[in-house]
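Everything below concerns the one structure shown next.
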Amino acid sequence: MGLCLGAHLFIARGFLRTIEEAYRLGLCTFQIFSRNPRSLRTTKRPENVRIPFSVFFLHGPYLLNLASPEEEIYNSSKQALVEDLLWGDSIGAIGIVVHPGSHRGSGREKGLYRILYALEEIIGKVNTKCKIILENTSGSGTELGSNPEDFKFIIDGLQDKSRIGMCLDTCHLFSAGFDIRTNKSIKETFDRWFSLIDSSYLILFHTNDSKGPLGSHLDRHTHIGEGEIGEGGFKNLLSFELFRSRPLVIETPKEPAGSDEKNIKKLKELAEIDKSL
Ligand SMILES: [Zn+2]
């Protein structure tokens with residue numbers, strides 16, 4: 001099966017430009033922010049836009065925190081996610097990728113329950129085709145979702161599991177302490193995650209190299225092959241069916257100019273090397 005490569009694109013200049021850019025890069029999929037990433041306020045967005053891609057994703061705002069112990073942030077996060085799911089449906093997005101949340105000192109268990117209650121409420125409130133896709137984190141500070149146990153807790157707890165998906169970010173895996181550089185360690189990592197969680201929940205990968213070392217909990221994306229995971233790591237990842245069979249979306253730096261092209265090309269090359277063996 002051919003790879004489905006994609007990139008996070010900015011829509012500041014409108015949808016048409018974004019779609020043109022996706023075509024120019026030869027992408028199979030892409031991801032855009034659902035709103036200003038630093039805002040939870042209700043925003044007006046173009047609705048019912050026809051997007052000529054059958055698979056594309058939204059990424060939720062950074063401020064969204066479904067584990068927040070503060071009522072105001074908790075409620076505005078739920079509200080923003082409801083709005084974004086409805087918007088996602090109106091434009092045909094597969095799902096919206098969000099970080100599970102940070103407990104901000106209230107403790108892991110309390111934070112996980114907050115996430116669970118928030119998701120139950122949202123799922124009960126709006127019936128969208130657009131899924132809520134939880135992304136693994138690098139586990140910095142009080143961030144939840146850096147390990148499979150957190151995901152298992154959330155998914156097991158949900159009554160309606162059909163509306164939830166997951167996204168694994170390679171940079172976050174690595175900085176959270178999962179070595180994904182050798183075939184052996186990749187297998188161990190995938191086994192660890194997918195012995196606890198059914199792999200059918202895994203919808204996509206965020207494919208980023210990591211500036212931070214293994215287990216550093218640093219969420220710093222860098223160009224494919226130029227970070228700590230390195231070319232070897234991505235070459236090995238690309239030999240795994242679990243990885244190859246999901247959309248691979250880069251969220252690598254846009255600088256210098258032409259970086260998206262370079263990173264996409266690099267992934268194609270590394271996948272080819274493996275095929276020729
Ligand atoms: Zn990501």
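Naming works like this for the structure tokens: A, B, ... for the chains as they're shown, residue 1 at the start of each chain, ligands 1 onward in shown order.
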
Excluding Arg220 of chain A and its own-chain neighbours fewer than 5 positions away, which residues fall within 12 Å of it when counting only C-alpha atoms? Please give them as a list of chain:residue names. A:Thr137, A:Ser138, A:Ser140, A:Asp169, A:Thr170, A:Cys171, A:His172, A:Leu173, A:Phe174, A:Ser175, A:Ala176, A:Asn208, A:Asp209, A:Ser210, A:Lys211, A:Gly212, A:Pro213, A:Leu214, A:Gly227, A:Glu228, A:Glu251, A:Thr252, A:Pro253

- Which residues sit within 12 Å of ligand 1, counting only C-alpha atoms and all ligand atoms, listed as a ChimeraX atom specification? /A:7-8,31-33,57-62,96-99,133-138,166-173,204-210,219-222,248-252

Next on the checklist: Excluding Ile180 of chain A and its own-chain neighbours fewer than 2 positions away, which residues fall within 10 Å of it when counting only C-alpha atoms? Please give them as a VMD selection string.
Outcome noted: chain A and resid 170 to 171 173 to 174 177 to 178 182 to 190 214 229 to 230 232 to 234 236 to 237

If you count only C-alpha atoms, the residue of A:Ser77, A:Ser239, A:Asn147, A:Gln159 closest to Phe194 of chain A turns out to be A:Asn147

If we count only C-alpha atoms and set the cut-off at 9 Å, which residues sit around Leu63 of chain A, ignoring sequence neighbours fewer than 4 positions away in its own chain? Please answer as a PDB file with N, CA and C atoms, in the first residue's frame.
```pdb
ATOM      1  N   PRO A  37      -5.023  29.101  17.207  1.00  0.00           N
ATOM      2  CA  PRO A  37      -4.597  28.107  18.202  1.00  0.00           C
ATOM      3  C   PRO A  37      -4.449  28.668  19.612  1.00  0.00           C
ATOM      4  N   ARG A  38      -4.435  29.978  19.743  1.00  0.00           N
ATOM      5  CA  ARG A  38      -4.309  30.570  21.077  1.00  0.00           C
ATOM      6  C   ARG A  38      -5.619  31.142  21.609  1.00  0.00           C
ATOM      7  N   SER A  39      -6.724  30.688  21.031  1.00  0.00           N
ATOM      8  CA  SER A  39      -8.006  31.233  21.476  1.00  0.00           C
ATOM      9  C   SER A  39      -9.063  30.146  21.650  1.00  0.00           C
ATOM     10  N   LEU A  40      -9.897  30.330  22.683  1.00  0.00           N
ATOM     11  CA  LEU A  40     -11.025  29.409  22.876  1.00  0.00           C
ATOM     12  C   LEU A  40     -12.341  30.137  22.590  1.00  0.00           C
ATOM     13  N   ILE A  73     -11.934  27.448  32.456  1.00  0.00           N
ATOM     14  CA  ILE A  73     -11.151  26.867  31.347  1.00  0.00           C
ATOM     15  C   ILE A  73     -11.777  25.540  30.908  1.00  0.00           C
ATOM     16  N   SER A  77     -13.255  25.015  27.244  1.00  0.00           N
ATOM     17  CA  SER A  77     -12.614  23.958  26.442  1.00  0.00           C
ATOM     18  C   SER A  77     -13.673  23.039  25.843  1.00  0.00           C
TER      19      SER A  77
END
```

Practice prompt. Excluding Thr42 of chain A and any residue of its chain fewer than 2 positions from it, enumerate the residues within 10 Å of it, using only C-alpha atoms, and give them as number ranges by chain.
Written response: A: 35, 39-40, 44-45, 76, 79-80, 83-84

Write down as a PyMOL selection string the residues of segment 42-276 of chain A whose backbone DSSP state falls under helix (DSSP H, G or I). chain A and resi 71-91+108-125+148-157+161-163+170-175+183-196+199-201+230-237+241-244+259-276

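If only C-alpha atoms are the atoms counted, then among A:Ile122, A:Ile197, A:Ala271, A:Leu218 the closest residue to Lys235 of chain A is A:Ala271.
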
Taken to one decimal, the atom CA of Arg246 of chain A-atom CA of Trp193 of chain A distance is 15.7 Å

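Atom CA of Pro247 of chain A sits 5.9 Å away from atom CA of Leu5 of chain A.
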
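Closest approach to Val49 of chain A from the set A:Glu21, A:Asp89, A:Asp191, A:Asp156 is made by A:Asp89, with distances taken over only C-alpha atoms.
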
Min atom-atom distance to Phe10 of chain A from the set A:Glu47, A:Lys254, A:Ile123, A:Ser216, counting only C-alpha atoms, belongs to A:Lys254

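Nearest to Arg24 of chain A of all the residues A:Glu272, A:Pro69, A:Phe240, A:Ile264 is A:Ile264, based on only C-alpha atoms.
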
| request: Please provide as number ranges by chain all residues within 10 Å of segment 105-120 of chain A, with the sequence filter that same-chain residues fewer than 5 positions apart are discarded (counting only C-alpha atoms). | output: A: 65-70, 74-75, 77-79, 81-82, 100, 125, 132, 141-145, 150-151, 153-161, 163-164

Residues just named, written with N, CA and C atoms as an mmCIF file, in the first residue's frame:
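Below is the file that was written, part_14.cif:
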```
data_model
loop_
_atom_site.group_PDB
_atom_site.id
_atom_site.type_symbol
_atom_site.label_atom_id
_atom_site.label_comp_id
_atom_site.auth_asym_id
_atom_site.auth_seq_id
_atom_site.Cartn_x
_atom_site.Cartn_y
_atom_site.Cartn_z
ATOM 1 N N ASN A 65 -8.095 22.578 27.378
ATOM 2 C CA ASN A 65 -7.651 21.689 28.451
ATOM 3 C C ASN A 65 -8.839 20.986 29.104
ATOM 4 N N LEU A 66 -9.085 19.770 28.633
ATOM 5 C CA LEU A 66 -10.228 18.998 29.120
ATOM 6 C C LEU A 66 -9.971 18.385 30.501
ATOM 7 N N ALA A 67 -8.764 18.597 31.035
ATOM 8 C CA ALA A 67 -8.447 18.091 32.377
ATOM 9 C C ALA A 67 -8.370 19.229 33.385
ATOM 10 N N SER A 68 -8.632 20.432 32.938
ATOM 11 C CA SER A 68 -8.414 21.602 33.801
ATOM 12 C C SER A 68 -9.244 21.554 35.082
ATOM 13 N N PRO A 69 -8.594 21.821 36.222
ATOM 14 C CA PRO A 69 -9.350 21.900 37.473
ATOM 15 C C PRO A 69 -10.100 23.239 37.595
ATOM 16 N N GLU A 70 -9.789 24.182 36.686
ATOM 17 C CA GLU A 70 -10.476 25.484 36.747
ATOM 18 C C GLU A 70 -11.745 25.437 35.907
ATOM 19 N N TYR A 74 -12.216 24.767 31.879
ATOM 20 C CA TYR A 74 -12.835 23.464 31.600
ATOM 21 C C TYR A 74 -14.071 23.660 30.710
ATOM 22 N N ASN A 75 -14.926 24.606 31.105
ATOM 23 C CA ASN A 75 -16.155 24.824 30.338
ATOM 24 C C ASN A 75 -15.889 25.414 28.961
ATOM 25 N N SER A 77 -13.255 25.015 27.244
ATOM 26 C CA SER A 77 -12.614 23.958 26.442
ATOM 27 C C SER A 77 -13.673 23.039 25.843
ATOM 28 N N LYS A 78 -14.649 22.650 26.661
ATOM 29 C CA LYS A 78 -15.718 21.768 26.168
ATOM 30 C C LYS A 78 -16.513 22.477 25.075
ATOM 31 N N GLN A 79 -16.830 23.752 25.335
ATOM 32 C CA GLN A 79 -17.599 24.536 24.369
ATOM 33 C C GLN A 79 -16.843 24.655 23.035
ATOM 34 N N LEU A 81 -14.561 22.701 21.834
ATOM 35 C CA LEU A 81 -14.475 21.416 21.138
ATOM 36 C C LEU A 81 -15.808 21.070 20.459
ATOM 37 N N VAL A 82 -16.905 21.388 21.116
ATOM 38 C CA VAL A 82 -18.220 21.170 20.494
ATOM 39 C C VAL A 82 -18.320 21.991 19.196
ATOM 40 N N PRO A 100 -4.898 15.457 25.284
ATOM 41 C CA PRO A 100 -5.890 15.103 26.312
ATOM 42 C C PRO A 100 -6.075 16.187 27.381
ATOM 43 N N LYS A 125 -23.678 15.461 23.540
ATOM 44 C CA LYS A 125 -24.276 16.727 23.117
ATOM 45 C C LYS A 125 -24.395 16.850 21.601
ATOM 46 N N ILE A 132 -13.139 12.831 17.703
ATOM 47 C CA ILE A 132 -12.201 13.457 18.634
ATOM 48 C C ILE A 132 -10.975 12.556 18.653
ATOM 49 N N GLY A 141 5.619 18.696 32.471
ATOM 50 C CA GLY A 141 4.821 19.244 33.572
ATOM 51 C C GLY A 141 3.715 18.312 34.008
ATOM 52 N N THR A 142 2.475 18.807 33.983
ATOM 53 C CA THR A 142 1.347 18.006 34.470
ATOM 54 C C THR A 142 0.511 17.446 33.320
ATOM 55 N N GLU A 143 1.129 17.434 32.119
ATOM 56 C CA GLU A 143 0.457 16.949 30.926
ATOM 57 C C GLU A 143 0.101 15.464 31.031
ATOM 58 N N LEU A 144 -1.133 15.137 30.706
ATOM 59 C CA LEU A 144 -1.560 13.728 30.674
ATOM 60 C C LEU A 144 -1.451 13.204 29.248
ATOM 61 N N GLY A 145 -1.521 11.882 29.107
ATOM 62 C CA GLY A 145 -1.536 11.302 27.762
ATOM 63 C C GLY A 145 -0.174 11.020 27.168
ATOM 64 N N ASP A 150 -2.847 6.038 30.248
ATOM 65 C CA ASP A 150 -3.785 7.174 30.254
ATOM 66 C C ASP A 150 -4.851 6.997 29.158
ATOM 67 N N PHE A 151 -4.395 6.576 27.979
ATOM 68 C CA PHE A 151 -5.331 6.376 26.863
ATOM 69 C C PHE A 151 -6.310 5.247 27.161
ATOM 70 N N PHE A 153 -7.312 4.229 30.067
ATOM 71 C CA PHE A 153 -8.261 4.703 31.077
ATOM 72 C C PHE A 153 -9.404 5.459 30.397
ATOM 73 N N ILE A 154 -9.042 6.350 29.498
ATOM 74 C CA ILE A 154 -10.057 7.195 28.846
ATOM 75 C C ILE A 154 -10.951 6.353 27.929
ATOM 76 N N ILE A 155 -10.331 5.558 27.066
ATOM 77 C CA ILE A 155 -11.119 4.792 26.094
ATOM 78 C C ILE A 155 -12.007 3.763 26.799
ATOM 79 N N ASP A 156 -11.436 3.066 27.790
ATOM 80 C CA ASP A 156 -12.230 2.074 28.537
ATOM 81 C C ASP A 156 -13.424 2.722 29.223
ATOM 82 N N GLY A 157 -13.227 3.949 29.680
ATOM 83 C CA GLY A 157 -14.284 4.620 30.438
ATOM 84 C C GLY A 157 -15.425 5.151 29.600
ATOM 85 N N LEU A 158 -15.202 5.334 28.319
ATOM 86 C CA LEU A 158 -16.234 5.927 27.463
ATOM 87 C C LEU A 158 -17.330 4.931 27.115
ATOM 88 N N GLN A 159 -18.575 5.382 27.211
ATOM 89 C CA GLN A 159 -19.680 4.496 26.831
ATOM 90 C C GLN A 159 -19.732 4.320 25.318
ATOM 91 N N ASP A 160 -19.668 5.447 24.591
ATOM 92 C CA ASP A 160 -19.680 5.396 23.130
ATOM 93 C C ASP A 160 -18.250 5.621 22.645
ATOM 94 N N LYS A 161 -17.610 4.507 22.244
ATOM 95 C CA LYS A 161 -16.207 4.597 21.847
ATOM 96 C C LYS A 161 -16.052 4.863 20.347
ATOM 97 N N ARG A 163 -16.709 7.402 18.669
ATOM 98 C CA ARG A 163 -16.446 8.797 18.289
ATOM 99 C C ARG A 163 -15.019 9.231 18.617
ATOM 100 N N ILE A 164 -14.248 8.269 19.117
ATOM 101 C CA ILE A 164 -12.910 8.610 19.585
ATOM 102 C C ILE A 164 -11.844 7.924 18.733
#
```
